[in-house]
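For reference, the structure is listed below as C-alpha cells.
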Amino acid sequence: VVYEVMQGIHSRPDSKEILKNIKLGMIGAGTSNGLSASLAHASEEHFSPLDSTFMIAKGQTAWMDLSLYQTTTKSYLSFLTFSWGIIADIDIESEAIRFMGFLRMDIWGAWRILNLRKYGAKFSYLPPSNERKEIELPPLNEPLPENEGWITSEDDFILFWSSQVTHAGEQMFHAPNCKINDGVFHIFIVRGNVSRFRMALIALAMDHGGHINMPGVEFIECCAYRLEPKTPGSFNDLDGEVIESGPIQAAVLPSAIRSYCNPSSST
C-alpha cells in the first residue's frame, strides 16, 4: 500500500530527491480509498477505479503536500490523515469485523458513540504564515519555541483528526476546505463537552461535509502541531496504520511530490 511505499522512501538518505522525481497515482481498490477520492475531488472528477485510471492516463500532475511525523523514537512520512480519539478507535478496533468492508466503520462508529470516550491532551499548533517553508521542530522532549507564535491549550477531546486531503475514505468528506497543496493541516476537533446525540449528528453529516458548521465542530489550520496525550487508551492512527503511541508532532512538507491530478482544479 501507499503507506509502506512512503515509509520505504522516507528511510532513504535521498528521500527528498526521490519524491521530487516521481509521480503518485492511485487507483482505489480497498475499503476506504481516501487518496483516490481526494485526487478525484481536487480534479472535479467522479470517483471510481475507471475515473482514477483515466486521470493517470491523461498524465496531468499537480504538486501535493506531504508531512513529517515524529514520535518519541520514530519518524514517518504521511500523505493522508492522522487521527486520535474516536476516529482512531473506530478505524483500528473495527479491524475485528474487516470482512464487512466499509460498513464496519458505521457499525463500530455507532458502538463508540454509544460508549463515548473522552481523552485528555495538551495540544499546541503553529498558525500558517505567508511564507511556505518546511518547519524545523525541536525534539519531543524539548519545549516548543516561545517567540514563534505557537498556541497551546489543554482539554478533553472526543475527536482529533488532522488532514491534508478532503476525503479519508470515498464516503468520508471530512475536510471539505482542504486543498492538496495549500501548505497547512486542517485539524478537525470535537471537544469533550459534546453529547452523544450531537456526536451522532456530526458523524452522520461527515459523508457530505455538512458537519463543518455544526455546533461542537472546530477546524484549526496550522503548518505544524504537537499533541501530548494525558489519558491513555486511544491509538496514534497515521494513514490508517497504528504507529508508536504517546506524544506526537508533525510539520507540513509543502509541495513535496507530484500527483496525477488536474492542475487547473488544484491550488
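Starting from 1 in every chain, residues are counted up; chains themselves are A, B, ... following the order of the C-alpha cells, and ligands are numbered from 1 as listed.
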message: I need the strand (DSSP E) residues of segment 10-134 of chain A per DSSP on the backbone, written as a list in words.
response: Lys23, Leu24, Thr61, Ala62, Trp63, Met64, Asp65, Leu66, Ser67, Leu68, Tyr69, Gln70, Ser75, Tyr76, Leu77, Ser78, Thr81, Phe82, Ser83, Trp84, Gly85, Tyr119, Gly120, Ala121, Lys122, Phe123, Ser124, Tyr125 and Leu126 of chain A
At a cut-off of 12 Å, using only C-alpha atoms, what residues contact Tyr69 of chain A? Leave out same-chain residues fewer than 6 positions from it and give the result as an MDAnalysis selection string. chainID A and resid 7 10 75:82 135:137 139:140 162 224:227 236:239 243:244 247:253
Okay, now the selection with N, CA and C atoms, as a short mmCIF file (atom, residue, chain, number, x, y, z; two decimals), in the first residue's frame?
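Below is the file that was written, out06.cif:
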```
data_model
loop_
_atom_site.label_atom_id
_atom_site.label_comp_id
_atom_site.auth_asym_id
_atom_site.auth_seq_id
_atom_site.Cartn_x
_atom_site.Cartn_y
_atom_site.Cartn_z
N GLN A 7 7.01 5.00 3.64
CA GLN A 7 7.99 4.74 4.71
C GLN A 7 9.30 4.21 4.13
N HIS A 10 11.04 7.22 2.84
CA HIS A 10 11.48 8.03 3.98
C HIS A 10 12.74 7.47 4.63
N SER A 75 10.15 8.32 13.18
CA SER A 75 9.57 9.36 12.32
C SER A 75 8.90 8.69 11.12
N TYR A 76 7.92 9.39 10.55
CA TYR A 76 7.10 8.81 9.50
C TYR A 76 6.79 9.87 8.44
N LEU A 77 6.59 9.41 7.22
CA LEU A 77 6.15 10.27 6.13
C LEU A 77 4.67 10.00 5.90
N SER A 78 3.85 11.07 5.87
CA SER A 78 2.41 10.91 5.76
C SER A 78 1.86 11.61 4.53
N PHE A 79 0.79 11.04 3.97
CA PHE A 79 0.17 11.60 2.77
C PHE A 79 -1.33 11.82 2.94
N LEU A 80 -1.91 11.41 4.07
CA LEU A 80 -3.37 11.40 4.18
C LEU A 80 -3.85 12.09 5.47
N THR A 81 -3.99 11.33 6.55
CA THR A 81 -4.53 11.88 7.79
C THR A 81 -3.85 11.27 9.01
N PHE A 82 -4.01 11.97 10.14
CA PHE A 82 -3.65 11.43 11.45
C PHE A 82 -4.88 11.58 12.33
N ILE A 135 8.97 23.48 8.29
CA ILE A 135 9.21 23.89 9.67
C ILE A 135 10.13 22.87 10.35
N GLU A 136 11.16 23.37 11.00
CA GLU A 136 12.05 22.50 11.78
C GLU A 136 11.53 22.45 13.22
N LEU A 137 11.13 21.28 13.67
CA LEU A 137 10.59 21.12 15.01
C LEU A 137 11.66 20.66 15.99
N PRO A 139 13.09 18.46 19.25
CA PRO A 139 12.75 17.11 19.71
C PRO A 139 11.55 17.14 20.65
N LEU A 140 10.81 16.04 20.71
CA LEU A 140 9.60 15.99 21.52
C LEU A 140 9.86 16.20 23.01
N SER A 162 -6.37 15.24 12.01
CA SER A 162 -5.56 16.16 11.20
C SER A 162 -5.48 15.63 9.77
N ALA A 224 2.18 23.29 11.58
CA ALA A 224 2.86 22.31 12.44
C ALA A 224 2.05 22.20 13.74
N TYR A 225 2.16 21.05 14.39
CA TYR A 225 1.46 20.90 15.67
C TYR A 225 2.13 19.83 16.51
N ARG A 226 1.78 19.84 17.79
CA ARG A 226 2.24 18.82 18.74
C ARG A 226 1.05 18.40 19.59
N LEU A 227 0.87 17.09 19.76
CA LEU A 227 -0.20 16.54 20.59
C LEU A 227 0.43 15.67 21.67
N ASN A 236 -2.51 6.18 18.06
CA ASN A 236 -1.97 7.10 17.07
C ASN A 236 -2.14 6.42 15.71
N ASP A 237 -3.10 6.91 14.94
CA ASP A 237 -3.50 6.27 13.68
C ASP A 237 -3.06 7.17 12.52
N LEU A 238 -2.00 6.78 11.83
CA LEU A 238 -1.44 7.57 10.74
C LEU A 238 -1.73 6.88 9.41
N ASP A 239 -2.48 7.54 8.56
CA ASP A 239 -2.81 6.99 7.23
C ASP A 239 -3.40 5.59 7.33
N ILE A 243 0.73 3.55 14.74
CA ILE A 243 2.15 3.86 14.93
C ILE A 243 2.44 4.00 16.42
N GLU A 244 3.66 4.32 16.77
CA GLU A 244 4.07 4.42 18.17
C GLU A 244 3.15 5.35 18.95
N PRO A 247 3.22 10.94 22.84
CA PRO A 247 3.28 12.27 22.21
C PRO A 247 3.71 12.18 20.76
N ILE A 248 3.21 13.12 19.97
CA ILE A 248 3.49 13.13 18.54
C ILE A 248 3.51 14.57 18.04
N GLN A 249 4.32 14.84 17.04
CA GLN A 249 4.33 16.16 16.43
C GLN A 249 4.51 16.01 14.93
N ALA A 250 4.11 17.07 14.20
CA ALA A 250 4.12 16.98 12.75
C ALA A 250 4.34 18.35 12.14
N ALA A 251 4.92 18.35 10.94
CA ALA A 251 5.11 19.57 10.16
C ALA A 251 4.79 19.26 8.70
N VAL A 252 4.18 20.23 8.02
CA VAL A 252 3.86 20.07 6.61
C VAL A 252 5.13 20.13 5.77
N LEU A 253 5.20 19.28 4.76
CA LEU A 253 6.25 19.34 3.74
C LEU A 253 5.59 19.89 2.47
#
```
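Minimum distance to His41 of chain A across A:Val242, A:Met172, A:Val5, A:Leu204 (counting only C-alpha atoms) occurs at A:Met172.
Between Gly149 of chain A and the residues A:Cys222, A:Ala42, A:Ala37, A:Val165, the shortest atom-to-atom distance, using only C-alpha atoms, involves A:Cys222.
What separates atom CA of Ala40 of chain A from atom CA of Ser52 of chain A is a distance of 6.9 Å.
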Show me, as a short mmCIF file (atom, residue, chain, number, x, y, z; two decimals) with all heavy atoms, in the first residue's frame, the residues that have an atom within 8 Å of Pro49 of chain A when counting only C-alpha atoms, minus same-chain residues fewer than 2 positions from it.
```
data_model
loop_
_atom_site.label_atom_id
_atom_site.label_comp_id
_atom_site.auth_asym_id
_atom_site.auth_seq_id
_atom_site.Cartn_x
_atom_site.Cartn_y
_atom_site.Cartn_z
N ILE A 27 -5.22 4.14 -7.88
CA ILE A 27 -6.49 3.57 -8.32
C ILE A 27 -7.08 2.84 -7.11
O ILE A 27 -6.55 1.83 -6.67
CB ILE A 27 -6.30 2.61 -9.50
CG1 ILE A 27 -5.67 3.34 -10.69
CG2 ILE A 27 -7.62 1.97 -9.89
CD1 ILE A 27 -5.28 2.45 -11.83
N GLY A 28 -8.15 3.39 -6.56
CA GLY A 28 -8.71 2.86 -5.33
C GLY A 28 -9.36 1.51 -5.51
O GLY A 28 -10.27 1.35 -6.33
N ALA A 29 -8.90 0.54 -4.73
CA ALA A 29 -9.49 -0.80 -4.79
C ALA A 29 -9.60 -1.41 -3.39
O ALA A 29 -9.74 -2.61 -3.24
CB ALA A 29 -8.64 -1.70 -5.68
N PHE A 47 -15.52 9.79 -8.65
CA PHE A 47 -14.59 8.79 -8.12
C PHE A 47 -15.03 7.39 -8.53
O PHE A 47 -16.14 6.96 -8.24
CB PHE A 47 -14.49 8.86 -6.61
CG PHE A 47 -13.73 7.69 -6.04
CD1 PHE A 47 -12.35 7.60 -6.23
CD2 PHE A 47 -14.38 6.65 -5.40
CE1 PHE A 47 -11.65 6.50 -5.76
CE2 PHE A 47 -13.68 5.55 -4.93
CZ PHE A 47 -12.31 5.49 -5.11
N ASP A 51 -12.35 6.18 -13.44
CA ASP A 51 -12.01 7.60 -13.48
C ASP A 51 -10.57 7.84 -13.02
O ASP A 51 -9.86 8.69 -13.58
CB ASP A 51 -12.98 8.40 -12.62
CG ASP A 51 -14.36 8.52 -13.24
OD1 ASP A 51 -14.46 8.90 -14.41
OD2 ASP A 51 -15.34 8.21 -12.54
N SER A 52 -10.14 7.11 -11.98
CA SER A 52 -8.76 7.27 -11.50
C SER A 52 -7.77 6.82 -12.56
O SER A 52 -6.73 7.46 -12.76
CB SER A 52 -8.56 6.43 -10.23
OG SER A 52 -9.37 6.91 -9.17
N THR A 53 -8.08 5.75 -13.27
CA THR A 53 -7.22 5.28 -14.36
C THR A 53 -7.13 6.32 -15.47
O THR A 53 -6.05 6.59 -16.01
CB THR A 53 -7.77 3.96 -14.94
OG1 THR A 53 -7.87 3.00 -13.89
CG2 THR A 53 -6.85 3.43 -16.02
#
```
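Here the question is which of A:Pro229, A:Pro176, A:Gly183, A:Gly101 gets nearest to Ala121 of chain A using only C-alpha atoms, and that residue is A:Pro229.
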Checklist entry - What's the 12 Å shell around Ile220 of chain A, counting only C-alpha atoms, without same-chain residues fewer than 4 positions away, as an NGL selection string? => result :A and (123-128 or 151 or 160-163 or 175 or 177-178 or 184-190 or 212 or 224-225)
If you keep N, CA, C and O atoms, can you produce a file of those selected residues as an mmCIF file, in the first residue's frame?
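Final output, result_6.cif:
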```cif
data_model
loop_
_atom_site.group_PDB
_atom_site.id
_atom_site.type_symbol
_atom_site.label_atom_id
_atom_site.label_comp_id
_atom_site.auth_asym_id
_atom_site.auth_seq_id
_atom_site.Cartn_x
_atom_site.Cartn_y
_atom_site.Cartn_z
ATOM 1 N N PHE A 123 -2.496 20.277 23.462
ATOM 2 C CA PHE A 123 -2.433 20.471 22.021
ATOM 3 C C PHE A 123 -1.811 21.828 21.714
ATOM 4 O O PHE A 123 -2.268 22.859 22.203
ATOM 5 N N SER A 124 -0.737 21.811 20.929
ATOM 6 C CA SER A 124 -0.056 23.044 20.520
ATOM 7 C C SER A 124 0.015 23.091 19.003
ATOM 8 O O SER A 124 0.247 22.066 18.361
ATOM 9 N N TYR A 125 -0.180 24.284 18.439
ATOM 10 C CA TYR A 125 -0.106 24.402 16.979
ATOM 11 C C TYR A 125 0.492 25.735 16.565
ATOM 12 O O TYR A 125 0.441 26.731 17.311
ATOM 13 N N LEU A 126 1.075 25.733 15.375
ATOM 14 C CA LEU A 126 1.704 26.919 14.804
ATOM 15 C C LEU A 126 0.849 27.407 13.642
ATOM 16 O O LEU A 126 0.765 26.720 12.612
ATOM 17 N N PRO A 127 0.178 28.551 13.773
ATOM 18 C CA PRO A 127 -0.659 29.056 12.677
ATOM 19 C C PRO A 127 0.160 29.284 11.411
ATOM 20 O O PRO A 127 1.357 29.559 11.467
ATOM 21 N N PRO A 128 -0.480 29.177 10.250
ATOM 22 C CA PRO A 128 0.258 29.362 8.989
ATOM 23 C C PRO A 128 0.699 30.802 8.797
ATOM 24 O O PRO A 128 0.075 31.738 9.298
ATOM 25 N N ILE A 151 0.485 28.300 19.721
ATOM 26 C CA ILE A 151 -0.698 28.429 20.574
ATOM 27 C C ILE A 151 -0.946 27.088 21.248
ATOM 28 O O ILE A 151 -0.957 26.040 20.580
ATOM 29 N N PHE A 160 -9.995 14.044 17.362
ATOM 30 C CA PHE A 160 -8.859 14.844 16.893
ATOM 31 C C PHE A 160 -8.428 14.229 15.568
ATOM 32 O O PHE A 160 -7.994 13.082 15.533
ATOM 33 N N TRP A 161 -8.548 15.016 14.489
ATOM 34 C CA TRP A 161 -8.342 14.459 13.146
ATOM 35 C C TRP A 161 -7.630 15.500 12.292
ATOM 36 O O TRP A 161 -8.207 16.504 11.904
ATOM 37 N N SER A 162 -6.372 15.240 12.006
ATOM 38 C CA SER A 162 -5.562 16.156 11.200
ATOM 39 C C SER A 162 -5.477 15.629 9.770
ATOM 40 O O SER A 162 -5.213 14.452 9.551
ATOM 41 N N SER A 163 -5.684 16.528 8.795
ATOM 42 C CA SER A 163 -5.761 16.068 7.409
ATOM 43 C C SER A 163 -5.078 17.017 6.448
ATOM 44 O O SER A 163 -5.007 18.224 6.673
ATOM 45 N N ALA A 175 -13.003 16.878 5.459
ATOM 46 C CA ALA A 175 -12.273 18.156 5.454
ATOM 47 C C ALA A 175 -12.532 18.889 4.138
ATOM 48 O O ALA A 175 -11.647 19.005 3.290
ATOM 49 N N ASN A 177 -12.724 21.910 3.097
ATOM 50 C CA ASN A 177 -11.955 23.096 2.707
ATOM 51 C C ASN A 177 -10.493 22.810 2.418
ATOM 52 O O ASN A 177 -9.726 23.714 2.094
ATOM 53 N N CYS A 178 -10.100 21.575 2.545
ATOM 54 C CA CYS A 178 -8.697 21.200 2.337
ATOM 55 C C CYS A 178 -8.347 21.202 0.847
ATOM 56 O O CYS A 178 -9.163 20.852 0.000
ATOM 57 N N VAL A 184 -1.010 23.538 4.630
ATOM 58 C CA VAL A 184 -1.472 23.509 6.017
ATOM 59 C C VAL A 184 -2.146 22.181 6.349
ATOM 60 O O VAL A 184 -2.627 21.469 5.471
ATOM 61 N N PHE A 185 -2.163 21.888 7.660
ATOM 62 C CA PHE A 185 -3.022 20.837 8.186
ATOM 63 C C PHE A 185 -4.397 21.444 8.459
ATOM 64 O O PHE A 185 -4.507 22.571 8.924
ATOM 65 N N HIS A 186 -5.436 20.677 8.198
ATOM 66 C CA HIS A 186 -6.786 21.045 8.607
ATOM 67 C C HIS A 186 -7.154 20.100 9.743
ATOM 68 O O HIS A 186 -7.392 18.906 9.514
ATOM 69 N N ILE A 187 -7.182 20.628 10.963
ATOM 70 C CA ILE A 187 -7.390 19.778 12.132
ATOM 71 C C ILE A 187 -8.834 19.916 12.606
ATOM 72 O O ILE A 187 -9.285 20.987 13.001
ATOM 73 N N PHE A 188 -9.544 18.821 12.535
ATOM 74 C CA PHE A 188 -10.953 18.700 12.901
ATOM 75 C C PHE A 188 -11.010 18.244 14.354
ATOM 76 O O PHE A 188 -10.477 17.190 14.699
ATOM 77 N N ILE A 189 -11.658 19.051 15.194
ATOM 78 C CA ILE A 189 -11.685 18.784 16.634
ATOM 79 C C ILE A 189 -13.117 18.788 17.155
ATOM 80 O O ILE A 189 -13.927 19.635 16.778
ATOM 81 N N VAL A 190 -13.422 17.830 18.006
ATOM 82 C CA VAL A 190 -14.631 17.842 18.819
ATOM 83 C C VAL A 190 -14.177 17.665 20.257
ATOM 84 O O VAL A 190 -13.524 16.670 20.585
ATOM 85 N N ILE A 212 -19.302 20.792 8.977
ATOM 86 C CA ILE A 212 -18.285 21.813 9.229
ATOM 87 C C ILE A 212 -18.802 23.029 9.999
ATOM 88 O O ILE A 212 -18.041 23.682 10.704
ATOM 89 N N ALA A 224 2.185 23.291 11.581
ATOM 90 C CA ALA A 224 2.856 22.314 12.444
ATOM 91 C C ALA A 224 2.049 22.198 13.737
ATOM 92 O O ALA A 224 1.345 23.138 14.126
ATOM 93 N N TYR A 225 2.156 21.054 14.393
ATOM 94 C CA TYR A 225 1.460 20.902 15.673
ATOM 95 C C TYR A 225 2.126 19.832 16.514
ATOM 96 O O TYR A 225 2.919 19.017 16.021
#
```
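Secondary structure of segment 105-146 of chain A, alpha helix (DSSP H) only (DSSP, backbone atoms): Met105, Asp106, Ile107, Trp108, Gly109, Ala110, Trp111, Arg112, Ile113 and Leu114 of chain A.
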Expected file: the selected residues, N, CA, C and O atoms, as a compact mmCIF listing (two decimals), in the first residue's frame:
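Saved to part-v7.txt:
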```
# COMPACT_ATOMS: atom_id res chain seq x y z
N MET A 105 -17.07 0.51 9.55
CA MET A 105 -16.90 1.83 10.14
C MET A 105 -18.21 2.34 10.74
O MET A 105 -18.24 2.91 11.83
N ASP A 106 -19.31 2.13 10.02
CA ASP A 106 -20.62 2.57 10.51
C ASP A 106 -21.03 1.82 11.77
O ASP A 106 -21.52 2.40 12.74
N ILE A 107 -20.83 0.50 11.75
CA ILE A 107 -21.23 -0.32 12.89
C ILE A 107 -20.41 0.03 14.12
O ILE A 107 -20.96 0.26 15.21
N TRP A 108 -19.08 0.10 13.95
CA TRP A 108 -18.24 0.40 15.11
C TRP A 108 -18.38 1.86 15.54
O TRP A 108 -18.26 2.18 16.72
N GLY A 109 -18.68 2.73 14.57
CA GLY A 109 -18.92 4.13 14.91
C GLY A 109 -20.12 4.29 15.82
O GLY A 109 -20.08 5.05 16.81
N ALA A 110 -21.21 3.57 15.54
CA ALA A 110 -22.40 3.61 16.40
C ALA A 110 -22.07 3.09 17.80
O ALA A 110 -22.50 3.68 18.81
N TRP A 111 -21.28 2.02 17.85
CA TRP A 111 -20.88 1.44 19.14
C TRP A 111 -20.04 2.42 19.95
O TRP A 111 -20.25 2.61 21.15
N ARG A 112 -19.11 3.09 19.30
CA ARG A 112 -18.22 4.01 20.01
C ARG A 112 -18.96 5.28 20.46
O ARG A 112 -18.63 5.86 21.49
N ILE A 113 -19.97 5.71 19.70
CA ILE A 113 -20.75 6.87 20.13
C ILE A 113 -21.61 6.51 21.34
O ILE A 113 -21.75 7.30 22.29
N LEU A 114 -22.20 5.32 21.33
CA LEU A 114 -22.97 4.88 22.49
C LEU A 114 -22.10 4.74 23.72
O LEU A 114 -22.54 4.98 24.85
```
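Across A:Ile18, A:Leu68, A:Leu35, A:Ala256, the tightest approach to Val2 of chain A is made by A:Leu35 when counting only C-alpha atoms.
Atom CA of Ser129 of chain A to atom CA of Asn181 of chain A spans 14.6 Å [interatomic distance, one decimal].
Taking atom CA of Glu134 of chain A and atom CA of Glu154 of chain A as endpoints, the distance between them is 26.0 Å.
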If you count only C-alpha atoms, which residues fall within 10 Å of Asp207 of chain A, apart from same-chain ones fewer than 6 positions away, as a VMD selection string? chain A and resid 167 169 to 174
Could you dump the residues just selected with N, CA and C atoms as a tab-separated table (two decimals), in the first residue's frame?
```tsv
chain	number	residue	atom	x	y	z
A	167	HIS	N	-10.84	13.82	1.69
A	167	HIS	CA	-11.52	12.57	1.97
A	167	HIS	C	-10.60	11.58	2.69
A	169	GLY	N	-11.94	8.65	3.23
A	169	GLY	CA	-12.48	7.50	2.53
A	169	GLY	C	-13.43	8.01	1.47
A	170	GLU	N	-13.81	7.13	0.55
A	170	GLU	CA	-14.67	7.59	-0.54
A	170	GLU	C	-16.02	8.06	-0.05
A	171	GLN	N	-16.44	7.63	1.14
A	171	GLN	CA	-17.71	8.08	1.73
A	171	GLN	C	-17.48	8.96	2.95
A	172	MET	N	-16.31	9.58	3.04
A	172	MET	CA	-15.97	10.36	4.23
A	172	MET	C	-15.38	11.70	3.81
A	173	PHE	N	-16.26	12.69	3.58
A	173	PHE	CA	-15.87	14.03	3.13
A	173	PHE	C	-15.65	14.91	4.37
A	174	HIS	N	-14.59	14.57	5.12
A	174	HIS	CA	-14.44	15.14	6.46
A	174	HIS	C	-13.76	16.50	6.50
```
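Excluding Pro254 of chain A itself and any same-chain residue fewer than 4 positions from it, the protein and nucleic acid residues within 8 Å of it, counting only C-alpha atoms, are A:Met64, A:Asp65, A:Leu66, A:Ser67, A:Arg132, A:Lys133, A:Glu134, A:Asn181, A:Asp182, A:Gly183.
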